[in-house]
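protein_39.txt (compact mmCIF, C-alpha atoms)
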# COMPACT_ATOMS: atom_id res chain seq x y z
CA MET A 1 -4.74 -22.86 40.15
CA LYS A 2 -8.35 -21.97 40.59
CA GLN A 3 -7.38 -18.61 41.93
CA PHE A 4 -5.17 -18.01 38.91
CA GLY A 5 -8.10 -18.90 36.70
CA VAL A 6 -10.29 -16.39 38.51
CA HIS A 7 -7.62 -13.75 38.09
CA LEU A 8 -7.31 -14.41 34.39
CA PHE A 9 -11.06 -14.31 34.02
CA SER A 10 -11.42 -11.11 35.96
CA LEU A 11 -8.99 -9.43 33.58
CA TRP A 12 -11.94 -9.18 31.18
CA ARG A 13 -13.66 -6.95 33.69
CA TYR A 14 -10.81 -4.47 33.46
CA PRO A 15 -10.59 -3.76 29.73
CA GLY A 16 -8.07 -0.96 30.34
CA TYR A 17 -5.47 -3.32 31.74
CA LEU A 18 -6.20 -5.88 29.06
CA ALA A 19 -5.75 -3.20 26.41
CA LEU A 20 -2.47 -2.08 27.94
CA LEU A 21 -1.21 -5.65 28.01
CA LEU A 22 -2.24 -6.30 24.41
CA TYR A 23 -0.81 -2.98 23.25
CA CYS A 24 2.56 -3.71 24.86
CA LEU A 25 2.58 -7.13 23.23
CA LEU A 26 1.78 -5.66 19.82
CA LEU A 27 4.42 -2.95 20.17
CA SER A 28 7.22 -5.38 20.98
CA PRO A 29 9.79 -5.57 18.16
CA GLN A 30 9.30 -9.34 17.77
CA ALA A 31 5.55 -9.00 17.34
CA LEU A 32 5.98 -6.09 14.93
CA HIS A 33 8.47 -8.06 12.87
CA PHE A 34 6.36 -11.20 12.83
CA LEU A 35 3.01 -9.53 12.14
CA GLU A 36 4.43 -7.41 9.33
CA SER A 37 6.26 -10.27 7.65
CA ARG A 38 3.20 -11.47 5.77
CA MET A 39 0.44 -9.45 4.20
CA VAL A 40 -2.29 -11.61 5.76
CA LEU A 41 -0.89 -11.13 9.26
CA HIS A 42 -0.45 -7.42 8.70
CA MET A 43 -3.96 -6.74 7.43
CA LEU A 44 -6.02 -9.37 9.19
CA VAL A 45 -4.20 -9.70 12.52
CA GLN A 46 -2.16 -6.61 13.34
CA ILE A 47 -4.61 -3.97 12.16
CA PRO A 48 -7.72 -5.58 13.76
CA LEU A 49 -5.81 -6.15 17.02
CA LEU A 50 -4.70 -2.51 17.11
CA VAL A 51 -8.32 -1.48 16.64
CA LEU A 52 -9.30 -3.92 19.40
CA VAL A 53 -6.76 -2.32 21.75
CA GLY A 54 -8.41 1.03 21.13
CA TRP A 55 -11.85 -0.51 21.62
CA LEU A 56 -10.82 -1.93 25.00
CA PHE A 57 -9.37 1.42 26.05
CA GLY A 58 -12.65 2.95 24.97
CA MET A 59 -14.62 0.43 27.05
CA ALA A 60 -12.56 1.41 30.07
CA ALA A 61 -12.96 5.11 29.38
CA ARG A 62 -16.67 5.00 28.54
CA PRO A 63 -18.08 5.61 32.04
CA LEU A 64 -15.86 8.69 32.39
CA THR A 65 -16.87 10.17 29.07
CA LEU A 66 -20.64 9.63 29.12
CA LYS A 67 -21.44 13.29 29.80
CA TRP A 68 -18.94 14.55 27.28
CA CYS A 69 -20.23 12.10 24.68
CA ASP A 70 -23.77 13.26 25.26
CA GLN A 71 -22.79 16.77 24.24
CA TRP A 72 -20.10 16.21 21.64
CA ASN A 73 -20.75 12.73 20.30
CA ARG A 74 -24.52 12.50 20.01
CA PHE A 75 -25.65 9.41 18.08
CA GLY A 76 -21.95 8.59 17.92
CA LEU A 77 -21.78 10.46 14.67
CA PRO A 78 -18.37 12.20 14.83
CA GLY A 79 -16.80 9.19 16.52
CA ILE A 80 -17.95 6.74 13.87
CA LEU A 81 -16.85 9.07 11.07
CA LEU A 82 -13.41 9.55 12.64
CA ALA A 83 -13.02 5.78 12.94
CA LEU A 84 -14.08 5.29 9.32
CA PHE A 85 -11.67 7.90 7.98
CA THR A 86 -8.80 6.46 10.01
CA LEU A 87 -9.50 2.91 8.90
CA GLY A 88 -9.90 4.03 5.30
CA PHE A 89 -6.57 5.85 5.42
CA TRP A 90 -4.72 2.77 6.64
CA MET A 91 -6.45 0.51 4.13
CA LEU A 92 -4.81 2.42 1.27
CA PRO A 93 -2.04 0.19 -0.08
CA GLN A 94 0.41 3.08 -0.31
CA ASN A 95 0.14 3.82 3.40
CA LEU A 96 0.55 0.15 4.26
CA ASP A 97 3.72 0.17 2.15
CA ALA A 98 4.86 3.42 3.72
CA SER A 99 4.40 2.01 7.22
CA LEU A 100 6.91 -0.69 6.29
CA SER A 101 9.48 1.63 4.80
CA THR A 102 9.30 4.83 6.87
CA TRP A 103 9.22 4.95 10.65
CA THR A 104 6.97 8.02 10.81
CA PHE A 105 4.19 6.14 9.05
CA GLU A 106 4.79 3.09 11.24
CA LEU A 107 4.47 5.24 14.36
CA GLY A 108 1.42 6.93 12.89
CA LYS A 109 -0.22 3.57 12.26
CA LEU A 110 0.51 2.27 15.75
CA LEU A 111 -0.99 5.40 17.31
CA ALA A 112 -3.83 6.18 14.93
CA LEU A 113 -5.45 2.75 14.71
CA PRO A 114 -6.06 2.36 18.47
CA PHE A 115 -6.72 5.97 19.39
CA LEU A 116 -8.40 7.39 16.30
CA CYS A 117 -10.26 4.25 15.20
CA GLY A 118 -10.84 1.73 18.01
CA LEU A 119 -11.34 4.21 20.83
CA PRO A 120 -13.90 6.49 19.13
CA LEU A 121 -15.64 3.38 17.80
CA ALA A 122 -16.11 2.04 21.34
CA LEU A 123 -17.37 5.41 22.57
CA SER A 124 -19.82 5.71 19.70
CA TRP A 125 -21.04 2.24 18.78
CA LYS A 126 -23.70 1.89 21.47
CA GLN A 127 -25.08 5.34 20.73
CA THR A 128 -25.60 4.92 17.03
CA VAL A 129 -29.02 4.44 15.51
CA PRO A 130 -29.54 0.71 14.83
CA MET A 131 -30.05 1.43 11.15
CA VAL A 132 -26.58 3.01 10.99
CA ARG A 133 -25.13 0.02 12.79
CA GLY A 134 -26.68 -2.37 10.30
CA PHE A 135 -25.49 -0.19 7.44
CA LEU A 136 -21.93 -0.23 8.75
CA GLN A 137 -21.99 -3.99 9.33
CA THR A 138 -23.25 -4.80 5.86
CA ASN A 139 -20.83 -2.33 4.33
CA LEU A 140 -17.92 -3.88 6.17
CA ILE A 141 -18.85 -7.24 4.69
CA SER A 142 -19.15 -5.87 1.18
CA MET A 143 -15.87 -3.96 1.57
CA LEU A 144 -14.10 -7.16 2.60
CA LEU A 145 -15.56 -8.97 -0.41
CA PHE A 146 -14.56 -6.14 -2.72
CA LEU A 147 -11.00 -6.14 -1.37
CA SER A 148 -10.87 -9.90 -1.72
CA TRP A 149 -11.88 -9.65 -5.37
CA LEU A 150 -9.40 -6.82 -5.94
CA TYR A 151 -6.49 -8.72 -4.47
CA ALA A 152 -7.40 -11.98 -6.18
CA TYR A 153 -7.57 -10.53 -9.68
CA ALA A 154 -5.06 -7.67 -9.57
CA PRO A 155 -2.52 -8.42 -12.31
CA VAL A 156 0.22 -6.52 -10.46
CA ARG A 157 1.39 -6.38 -6.90
CA ILE A 158 -0.54 -3.77 -5.00
CA CYS A 159 1.99 -3.53 -2.19
CA ASN A 160 5.63 -3.34 -3.26
CA ASN A 161 6.73 -4.92 0.00
CA TYR A 162 4.81 -8.17 -0.34
CA LEU A 163 4.97 -11.09 -2.76
CA ILE A 164 2.15 -11.67 -5.23
CA ASN A 165 1.45 -15.03 -3.54
CA ASP A 166 0.88 -13.15 -0.29
CA GLN A 167 -1.63 -10.95 -2.03
CA GLN A 168 -3.60 -13.92 -3.34
CA GLN A 169 -3.45 -15.64 0.03
CA LEU A 170 -4.87 -12.48 1.58
CA ALA A 171 -7.72 -12.54 -0.95
CA VAL A 172 -8.73 -16.01 0.24
CA TRP A 173 -8.59 -15.03 3.91
CA LEU A 174 -10.61 -11.89 3.24
CA LEU A 175 -13.25 -14.10 1.69
CA TYR A 176 -13.26 -16.35 4.78
CA GLY A 177 -13.42 -13.27 7.00
CA ALA A 178 -16.39 -11.85 5.14
CA GLY A 179 -18.16 -15.22 5.27
CA LEU A 180 -17.58 -15.67 8.99
CA LEU A 181 -18.66 -12.14 9.83
CA SER A 182 -21.85 -12.37 7.82
CA LEU A 183 -22.60 -15.74 9.39
CA TYR A 184 -21.96 -14.40 12.89
CA TRP A 185 -24.08 -11.33 12.41
CA SER A 186 -26.92 -13.13 10.70
CA VAL A 187 -27.07 -15.69 13.51
CA GLY A 188 -27.40 -12.76 15.90
CA LEU A 189 -30.05 -11.26 13.68
CA PHE A 190 -32.23 -14.36 13.57
CA PHE A 191 -31.64 -15.91 16.98
CA GLY A 192 -30.22 -13.15 19.19
CA ARG A 193 -31.97 -10.30 20.94
CA SER A 194 -33.67 -7.87 18.64
CA LEU A 195 -31.61 -4.85 17.66
CA TRP A 196 -34.46 -2.64 18.87
CA LEU A 197 -34.04 -3.85 22.43
CA THR A 198 -30.40 -2.85 22.67
CA SER A 199 -30.61 0.83 21.77
CA PRO A 200 -31.11 3.30 24.63
CA TYR A 201 -32.15 6.03 22.20
CA HIS A 202 -34.77 4.03 20.37
CA PRO A 203 -37.00 2.03 22.69
CA PRO A 204 -38.85 -0.85 21.15
CA PRO A 205 -42.23 0.00 19.61
CA VAL A 206 -45.13 -0.50 22.05
CA LEU A 207 -47.18 -3.42 20.86
CA LYS A 208 -49.56 -3.55 23.87
CA HIS A 209 -52.34 -1.65 22.13
CA THR A 210 -52.48 -3.88 19.09
CA PHE A 211 -52.58 -6.95 21.29
CA LYS A 212 -55.69 -5.65 22.99
CA GLU A 213 -57.31 -4.93 19.68
CA ASP A 214 -56.49 -8.45 18.60
CA ALA A 215 -57.98 -9.93 21.76
CA ARG A 216 -61.29 -8.11 21.28
CA SER A 217 -61.81 -9.10 17.69
CA MET B 1 -24.93 21.73 18.03
CA ARG B 2 -21.55 20.71 19.42
CA THR B 3 -21.98 17.30 17.86
CA PHE B 4 -22.79 18.94 14.56
CA GLY B 5 -19.66 21.11 14.75
CA LEU B 6 -17.45 18.19 15.66
CA THR B 7 -18.95 16.06 12.88
CA LEU B 8 -18.27 18.79 10.34
CA THR B 9 -14.70 19.17 11.62
CA VAL B 10 -14.08 15.43 11.36
CA ILE B 11 -15.45 15.31 7.80
CA VAL B 12 -13.45 18.30 6.61
CA PHE B 13 -10.26 17.17 8.33
CA GLY B 14 -10.66 13.57 7.18
CA LEU B 15 -11.29 14.48 3.57
CA LEU B 16 -8.36 16.90 3.63
CA VAL B 17 -5.97 14.26 4.96
CA ILE B 18 -7.12 11.67 2.41
CA TRP B 19 -6.94 14.27 -0.39
CA ILE B 20 -3.37 15.29 0.50
CA ASN B 21 -2.26 11.72 1.09
CA THR B 22 -3.53 10.49 -2.27
CA ASN B 23 -2.31 13.59 -4.12
CA GLY B 24 -5.85 14.60 -4.99
CA LEU B 25 -7.20 11.03 -5.32
CA GLN B 26 -4.56 10.25 -7.95
CA THR B 27 -2.41 7.69 -6.17
CA PHE B 28 -3.41 4.67 -4.12
CA THR B 29 -0.32 2.47 -4.36
CA ALA B 30 3.34 3.13 -3.63
CA GLU B 31 4.08 2.49 -7.30
CA SER B 32 1.74 5.21 -8.54
CA GLN B 33 3.11 7.52 -5.85
CA ARG B 34 6.61 6.97 -7.19
CA ARG B 35 5.55 7.72 -10.76
CA LEU B 36 3.63 10.83 -9.84
CA SER B 37 6.45 12.28 -7.79
CA LEU B 38 8.81 11.73 -10.73
CA SER B 39 6.50 13.41 -13.19
CA LEU B 40 6.32 16.43 -10.89
CA SER B 41 10.05 16.71 -10.36
CA PRO B 42 12.75 14.57 -12.02
CA ARG B 43 15.16 13.09 -9.51
CA VAL B 44 18.84 14.00 -9.73
CA LEU B 45 21.00 10.88 -9.63
CA SER B 46 24.15 10.49 -7.61
CA PRO B 47 27.15 9.12 -9.56
CA LEU B 48 27.23 5.53 -8.30
CA PRO B 49 30.09 3.60 -9.90
CA LEU B 50 29.03 0.69 -12.13
CA THR B 51 31.04 -1.73 -14.24
CA ASP B 52 29.82 -3.10 -17.55
CA VAL B 53 30.47 -6.64 -18.79
CA ASN B 54 33.85 -5.69 -20.25
CA GLY B 55 34.96 -4.20 -16.97
CA ASN B 56 34.59 -0.58 -18.08
CA LEU B 57 33.56 1.93 -15.47
CA LEU B 58 30.18 3.64 -15.93
CA THR B 59 28.08 6.01 -13.89
CA LEU B 60 24.34 6.46 -13.99
CA SER B 61 24.48 10.07 -15.08
CA HIS B 62 27.55 9.76 -17.25
CA PRO B 63 26.70 10.17 -20.91
CA ARG B 64 24.94 13.52 -20.96
CA GLY B 65 22.93 14.38 -24.02
CA LYS B 66 21.50 10.88 -24.39
CA VAL B 67 18.30 9.49 -22.96
CA THR B 68 19.02 6.30 -21.02
CA LEU B 69 16.37 3.62 -20.55
CA VAL B 70 17.18 1.56 -17.47
CA ASP B 71 15.79 -1.74 -16.24
CA PHE B 72 16.71 -3.75 -13.16
CA ILE B 73 17.41 -7.45 -13.46
CA TYR B 74 19.11 -10.43 -11.89
CA THR B 75 20.39 -13.15 -14.16
CA ARG B 76 18.76 -16.12 -12.40
CA CYS B 77 15.36 -14.51 -12.93
CA LEU B 78 12.90 -16.54 -14.96
CA THR B 79 9.94 -14.18 -15.15
CA LEU B 80 9.88 -10.40 -15.05
CA CYS B 81 13.55 -9.82 -15.93
CA ARG B 82 13.15 -11.97 -19.04
CA GLN B 83 10.09 -10.00 -20.12
CA GLN B 84 11.99 -6.79 -19.56
CA SER B 85 14.97 -8.05 -21.52
CA ILE B 86 12.80 -9.22 -24.41
CA LEU B 87 11.27 -5.75 -24.48
CA PHE B 88 14.75 -4.19 -24.44
CA GLU B 89 15.79 -6.44 -27.32
CA GLU B 90 12.80 -5.21 -29.33
CA LEU B 91 13.57 -1.64 -28.37
CA SER B 92 17.19 -1.98 -29.45
CA GLU B 93 16.08 -3.32 -32.82
CA THR B 94 13.70 -0.39 -33.23
CA ILE B 95 16.42 2.04 -32.27
CA VAL B 96 18.80 0.60 -34.85
CA ARG B 97 16.09 0.53 -37.51
CA GLN B 98 15.01 4.11 -36.92
CA LYS B 99 18.57 5.33 -36.36
CA PHE B 100 17.95 6.74 -32.90
CA GLY B 101 21.29 5.41 -31.72
CA ASP B 102 22.75 8.85 -31.09
CA ARG B 103 19.84 9.86 -28.88
CA VAL B 104 18.98 6.78 -26.82
CA GLN B 105 20.84 4.03 -25.04
CA LEU B 106 19.75 1.08 -22.95
CA LEU B 107 21.17 0.01 -19.61
CA SER B 108 20.35 -3.10 -17.61
CA ILE B 109 21.56 -3.05 -14.03
CA SER B 110 21.79 -6.14 -11.86
CA PHE B 111 20.52 -5.79 -8.30
CA ASP B 112 22.08 -9.09 -7.28
CA PRO B 113 25.75 -8.03 -7.21
CA HIS B 114 26.78 -11.01 -5.09
CA TYR B 115 25.70 -13.63 -7.60
CA ASP B 116 25.84 -11.73 -10.87
CA ASN B 117 29.52 -11.45 -11.69
CA LEU B 118 30.71 -10.12 -15.03
CA ALA B 119 30.69 -13.60 -16.59
CA ALA B 120 27.07 -14.25 -15.59
CA LEU B 121 26.03 -10.87 -16.90
CA LYS B 122 27.90 -11.41 -20.16
CA ASP B 123 26.16 -14.72 -20.61
CA PHE B 124 22.77 -13.10 -19.97
CA ALA B 125 23.59 -10.27 -22.38
CA THR B 126 24.47 -12.63 -25.24
CA GLN B 127 21.16 -14.45 -24.77
CA PHE B 128 19.40 -11.25 -25.75
CA ASN B 129 21.88 -10.11 -28.43
CA ALA B 130 22.84 -6.99 -26.49
CA ARG B 131 25.41 -4.94 -28.41
CA PRO B 132 27.48 -2.84 -26.03
CA PRO B 133 27.35 0.79 -27.10
CA LEU B 134 23.59 0.67 -27.53
CA TRP B 135 22.63 -1.75 -24.75
CA ARG B 136 24.94 -2.24 -21.83
CA PHE B 137 24.67 -4.62 -18.89
CA ALA B 138 26.19 -3.41 -15.68
CA ARG B 139 26.65 -4.33 -12.06
CA LEU B 140 27.49 -2.23 -9.04
CA LYS B 141 31.21 -1.78 -8.51
CA GLN B 142 30.65 -1.88 -4.76
CA PRO B 143 27.87 -4.25 -3.69
CA SER B 144 27.38 -2.07 -0.60
CA ASP B 145 25.88 0.63 -2.83
CA LEU B 146 22.85 -1.58 -3.51
CA ASP B 147 20.52 0.01 -0.98
CA GLU B 148 21.35 3.48 -2.24
CA LEU B 149 20.77 2.42 -5.85
CA LEU B 150 17.38 0.87 -5.08
CA LYS B 151 16.33 3.82 -2.96
CA LEU B 152 17.37 6.23 -5.69
CA PHE B 153 15.04 4.53 -8.15
CA GLY B 154 12.36 3.58 -5.66
CA VAL B 155 12.73 -0.10 -6.50
CA THR B 156 11.73 -2.58 -3.79
CA VAL B 157 13.37 -6.00 -4.00
CA ILE B 158 12.14 -8.80 -1.75
CA PRO B 159 13.33 -12.40 -1.70
CA ASP B 160 10.70 -14.89 -2.89
CA GLU B 161 10.11 -18.49 -1.81
CA TYR B 162 12.27 -20.02 -4.52
CA GLY B 163 15.59 -18.34 -3.75
CA GLY B 164 14.97 -15.55 -6.24
CA PHE B 165 13.50 -12.08 -5.92
CA GLU B 166 10.32 -10.19 -6.63
CA HIS B 167 10.68 -6.57 -7.63
CA ASN B 168 8.70 -3.79 -9.21
CA GLY B 169 9.59 -3.70 -12.88
CA GLY B 170 9.27 -1.14 -15.59
CA VAL B 171 11.36 0.97 -17.90
CA HIS B 172 13.09 3.77 -16.02
CA VAL B 173 13.95 6.86 -18.05
CA ILE B 174 17.01 8.96 -17.31
CA ASN B 175 16.77 12.11 -19.37
CA ALA B 176 19.55 13.88 -21.28
CA ASP B 177 20.41 15.99 -18.24
CA GLY B 178 21.09 12.85 -16.24
CA ALA B 179 17.95 13.07 -14.09
CA PHE B 180 15.57 10.18 -13.44
CA GLU B 181 12.37 11.33 -15.04
CA ALA B 182 9.75 8.63 -15.53
CA VAL B 183 8.81 4.97 -15.25
CA TYR B 184 6.84 3.25 -18.00
CA ASP B 185 5.01 -0.07 -17.92
CA LEU B 186 6.39 -2.94 -19.95
CA ASP B 187 3.27 -3.16 -22.12
CA ASP B 188 3.45 0.51 -23.04
CA LYS B 189 3.77 0.69 -26.83
CA ASP B 190 5.12 4.24 -27.00
CA ILE B 191 8.02 4.07 -24.59
CA LEU B 192 10.58 5.37 -27.10
CA LYS B 193 8.33 8.11 -28.36
CA LYS B 194 7.45 9.28 -24.87
CA ALA B 195 11.03 9.07 -23.63
CA LEU B 196 12.27 11.14 -26.58
CA HIS B 197 9.53 13.71 -26.93
CA SER B 198 8.14 14.44 -23.51
CA SER B 199 11.60 14.83 -22.08
CA LYS B 200 11.74 17.57 -19.51
CA SER B 201 15.42 17.95 -20.22
CA LEU B 202 16.43 21.43 -21.40
CA VAL B 203 19.04 20.02 -23.80
CA PHE B 204 16.33 18.03 -25.48
CA GLN B 205 13.68 20.66 -25.71
CA LYS B 206 16.11 22.84 -27.59
CA GLU B 207 17.48 20.19 -29.87
CA PHE B 208 14.49 18.06 -30.67
CA ALA B 209 11.59 20.46 -30.75
CA PRO B 210 8.72 18.93 -32.75
CA GLN B 211 9.87 18.92 -36.34
CA LYS B 212 7.74 19.07 -39.43
CA GLU B 213 7.37 15.75 -41.18
CA PRO B 214 8.66 15.84 -44.77
CA LEU B 215 5.78 15.24 -47.14
In structure tokens, how does this file's structure come out?
Amino acid sequence: MKQFGVHLFSLWRYPGYLALLLYCLLLSPQALHFLESRMVLHMLVQIPLLVLVGWLFGMAARPLTLKWCDQWNRFGLPGILLALFTLGFWMLPQNLDASLSTWTFELGKLLALPFLCGLPLALSWKQTVPMVRGFLQTNLISMLLFLSWLYAYAPVRICNNYLINDQQQLAVWLLYGAGLLSLYWSVGLFFGRSLWLTSPYHPPPVLKHTFKEDARS
Amino acid sequence: MRTFGLTLTVIVFGLLVIWINTNGLQTFTAESQRRLSLSLSPRVLSPLPLTDVNGNLLTLSHPRGKVTLVDFIYTRCLTLCRQQSILFEELSETIVRQKFGDRVQLLSISFDPHYDNLAALKDFATQFNARPPLWRFARLKQPSDLDELLKLFGVTVIPDEYGGFEHNGGVHVINADGAFEAVYDLDDKDILKKALHSSKSLVFQKEFAPQKEPL
């Protein structure tokens, strides 16, 4: 039993295998059917999990791509932009609808979200300037709040394939999501390690000198 | 430098994809996509057999030379279908008053062919004072044609939690050539005017070119 526990735990050390496992689970017809049956599950479970799969693949691939990233993905700029465009594309209600009605869009979604959003995000996130990271985090929160407002007050159904109740339920969950994320990140901001300490490109400012000055005076 | 090139490529490619996908930032929902694609090219309708409440055979593209306004209903509906039917009742009164009867007709099609038999439809029609030549109620002759009908018009019907359906509503315009040309919102005040005057039908452009108002 203990050995099994160790095995399960050590799976976290091999993000590639974990990603493969999760991806297979998500691609199974039952999971597809279940996760696409409700708007909340589709937008707040399936899409984030697909991005997570890509992120885990990216974590596994990161050591192999460090040199390449240094040349082609400096500051994580192209990677982050690619991820943003991909996510933006699949947040458009018409594409969400299309993924339910045409198989090409469904296939596109299942491939694009892990490999064009999650994967580049994982390869780029650590290399971004902390300011950019903060900008993205705060923008994600405000985007979730905006979507929540949009879905709560839209007089018509935004997706033809989902009930209006679903849409309003999603609005509530988006609100919860935004609240939780901002709470999580602000806890990190106030009590966690400083953002400055985690960036390899931007070492923390040297405070030694000022301390000495202080001591003398 | 390589990063710069790749960044530029991603931006250009990303914007291009979004631009094409949204038809130049014009459409964001499936509904607006449907309307835009219609306005660019009217859709030719296949002759699906329908029966009206008296058992007469109809087809979607049958009476050429008349504009047909179509809505989709099911008789158990308590919300959208009633709004649509109230609008159609108003429209039919306007048509009679302004003597447009030879140019326009109304057609309500049930998308619940299993429940809505001719009797149910007839009952629904009398509730809204539908008079047959002007406003017909019809159901599919073969219930198996339902998917084709809905696909033809781009209507999505999904069962709701109360045993009924939710569906995208609107007034669908079939022009005088028998092609599906536009969808208008229910709160649009100029449905008749638009349906008659902006018709892309060749028959209509010839016959009803803007006329001078008598002073």
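Among the candidates A:Phe191, A:Phe146, A:Tyr151, A:Phe85, the residue lying nearest to B:Val17 is A:Phe85 (atoms considered: only C-alpha atoms).
Nearest residue to A:Leu44, choosing from A:Leu144, A:Cys159, A:Val132, A:Leu183 and counting all atoms listed in the file: A:Leu144.
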Closest atom pairs, residues of chain B within 7 Å of chain A, only C-alpha atoms, as JSON lines:
{"residue": "B:Arg2", "atom": "CA", "partner": "A:Trp72", "partner_atom": "CA", "distance": 5.2}
{"residue": "B:Thr3", "atom": "CA", "partner": "A:Trp72", "partner_atom": "CA", "distance": 4.4}
{"residue": "B:Leu6", "atom": "CA", "partner": "A:Pro78", "partner_atom": "CA", "distance": 6.1}
{"residue": "B:Thr7", "atom": "CA", "partner": "A:Pro78", "partner_atom": "CA", "distance": 4.4}
{"residue": "B:Val10", "atom": "CA", "partner": "A:Leu82", "partner_atom": "CA", "distance": 6.1}
{"residue": "B:Gly14", "atom": "CA", "partner": "A:Phe85", "partner_atom": "CA", "distance": 5.8}
{"residue": "B:Ile18", "atom": "CA", "partner": "A:Phe89", "partner_atom": "CA", "distance": 6.6}
{"residue": "B:Phe28", "atom": "CA", "partner": "A:Gln94", "partner_atom": "CA", "distance": 5.6}
{"residue": "B:Thr29", "atom": "CA", "partner": "A:Gln94", "partner_atom": "CA", "distance": 4.2}
{"residue": "B:Ala30", "atom": "CA", "partner": "A:Gln94", "partner_atom": "CA", "distance": 4.4}
{"residue": "B:Thr156", "atom": "CA", "partner": "A:Asn160", "partner_atom": "CA", "distance": 6.2}
{"residue": "B:Ile158", "atom": "CA", "partner": "A:Asn161", "partner_atom": "CA", "distance": 6.9}
{"residue": "B:Asp160", "atom": "CA", "partner": "A:Leu163", "partner_atom": "CA", "distance": 6.9}
{"residue": "B:Glu166", "atom": "CA", "partner": "A:Leu163", "partner_atom": "CA", "distance": 6.7}
{"residue": "B:Asn168", "atom": "CA", "partner": "A:Asn160", "partner_atom": "CA", "distance": 6.7}
Report task. Write out as a VMD selection string each polymer residue whose atoms come within 12 Å of B:Gly101, counting only C-alpha atoms; drop sequence neighbours fewer than 4 positions from it. Result -> chain B and resid 65 to 68 91 to 97 105 to 106 131 to 135 192 196
Report summary line: Using all atoms listed in the file, the best pick from A:Tyr23, A:Tyr176, A:Tyr184, A:Trp125 as closest to A:Leu52 would be A:Tyr23
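Going from atom CA of A:Ala61 over to atom CA of A:Ile141, you cover 28.2 Å.
Here atom CA of B:Lys99 is placed at a distance of 21.0 Å from atom CA of B:Phe137.
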Query raised in the report: Which residues, written as a VMD selection string, have at least one atom at most 8 Å from stretch 70-75 of chain B, with all atoms listed in the file counted and residues fewer than 5 positions away on the same chain left out?
Result: chain B and resid 81 84 106 to 112 116 120 to 121 124 169 to 174
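Interatomic distance, atom CA of B:Trp19 to atom CA of B:Gly154: 22.7 Å.
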Requested in this report: Within 12 Å of A:Pro15, counting only C-alpha atoms, which residues show up once you throw out same-chain ones fewer than 4 positions away? Write them as JSON, numbers by chain, please.
Outcome: {"A": [9, 10, 11, 19, 20, 21, 22, 23, 52, 53, 54, 55, 56, 57, 58, 59, 60, 61, 62, 119, 122]}
Add whatever atoms are absent from stretch 159-170 of chain B to reach N, CA and C atoms, and provide the output as a PDB file, in the frame of the given file.
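Here's the written file result-v2.pdb:
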ATOM      1  N   PRO B 159      13.055 -11.011  -1.343  1.00  0.00           N
ATOM      2  CA  PRO B 159      13.330 -12.400  -1.700  1.00  0.00           C
ATOM      3  C   PRO B 159      12.030 -13.202  -1.781  1.00  0.00           C
ATOM      4  N   ASP B 160      11.905 -14.067  -2.800  1.00  0.00           N
ATOM      5  CA  ASP B 160      10.700 -14.890  -2.890  1.00  0.00           C
ATOM      6  C   ASP B 160      10.962 -16.281  -2.315  1.00  0.00           C
ATOM      7  N   GLU B 161      10.001 -17.190  -2.475  1.00  0.00           N
ATOM      8  CA  GLU B 161      10.110 -18.490  -1.810  1.00  0.00           C
ATOM      9  C   GLU B 161      11.025 -19.465  -2.535  1.00  0.00           C
ATOM     10  N   TYR B 162      11.489 -19.069  -3.730  1.00  0.00           N
ATOM     11  CA  TYR B 162      12.270 -20.020  -4.520  1.00  0.00           C
ATOM     12  C   TYR B 162      13.738 -19.596  -4.634  1.00  0.00           C
ATOM     13  N   GLY B 163      14.198 -18.767  -3.713  1.00  0.00           N
ATOM     14  CA  GLY B 163      15.590 -18.340  -3.750  1.00  0.00           C
ATOM     15  C   GLY B 163      15.846 -17.190  -4.692  1.00  0.00           C
ATOM     16  N   GLY B 164      14.809 -16.704  -5.346  1.00  0.00           N
ATOM     17  CA  GLY B 164      14.970 -15.550  -6.240  1.00  0.00           C
ATOM     18  C   GLY B 164      14.441 -14.276  -5.597  1.00  0.00           C
ATOM     19  N   PHE B 165      14.010 -13.346  -6.436  1.00  0.00           N
ATOM     20  CA  PHE B 165      13.500 -12.080  -5.920  1.00  0.00           C
ATOM     21  C   PHE B 165      12.217 -11.686  -6.625  1.00  0.00           C
ATOM     22  N   GLU B 166      11.398 -10.889  -5.942  1.00  0.00           N
ATOM     23  CA  GLU B 166      10.320 -10.190  -6.630  1.00  0.00           C
ATOM     24  C   GLU B 166      10.627  -8.713  -6.538  1.00  0.00           C
ATOM     25  N   HIS B 167      10.341  -7.997  -7.615  1.00  0.00           N
ATOM     26  CA  HIS B 167      10.680  -6.570  -7.630  1.00  0.00           C
ATOM     27  C   HIS B 167       9.717  -5.846  -8.538  1.00  0.00           C
ATOM     28  N   ASN B 168       9.569  -4.532  -8.310  1.00  0.00           N
ATOM     29  CA  ASN B 168       8.700  -3.790  -9.210  1.00  0.00           C
ATOM     30  C   ASN B 168       9.457  -3.451 -10.482  1.00  0.00           C
ATOM     31  N   GLY B 169       8.906  -3.868 -11.600  1.00  0.00           N
ATOM     32  CA  GLY B 169       9.590  -3.700 -12.880  1.00  0.00           C
ATOM     33  C   GLY B 169       9.170  -2.430 -13.574  1.00  0.00           C
ATOM     34  N   GLY B 170       9.618  -2.315 -14.804  1.00  0.00           N
ATOM     35  CA  GLY B 170       9.270  -1.140 -15.590  1.00  0.00           C
ATOM     36  C   GLY B 170      10.499  -0.604 -16.287  1.00  0.00           C
TER      37      GLY B 170
END
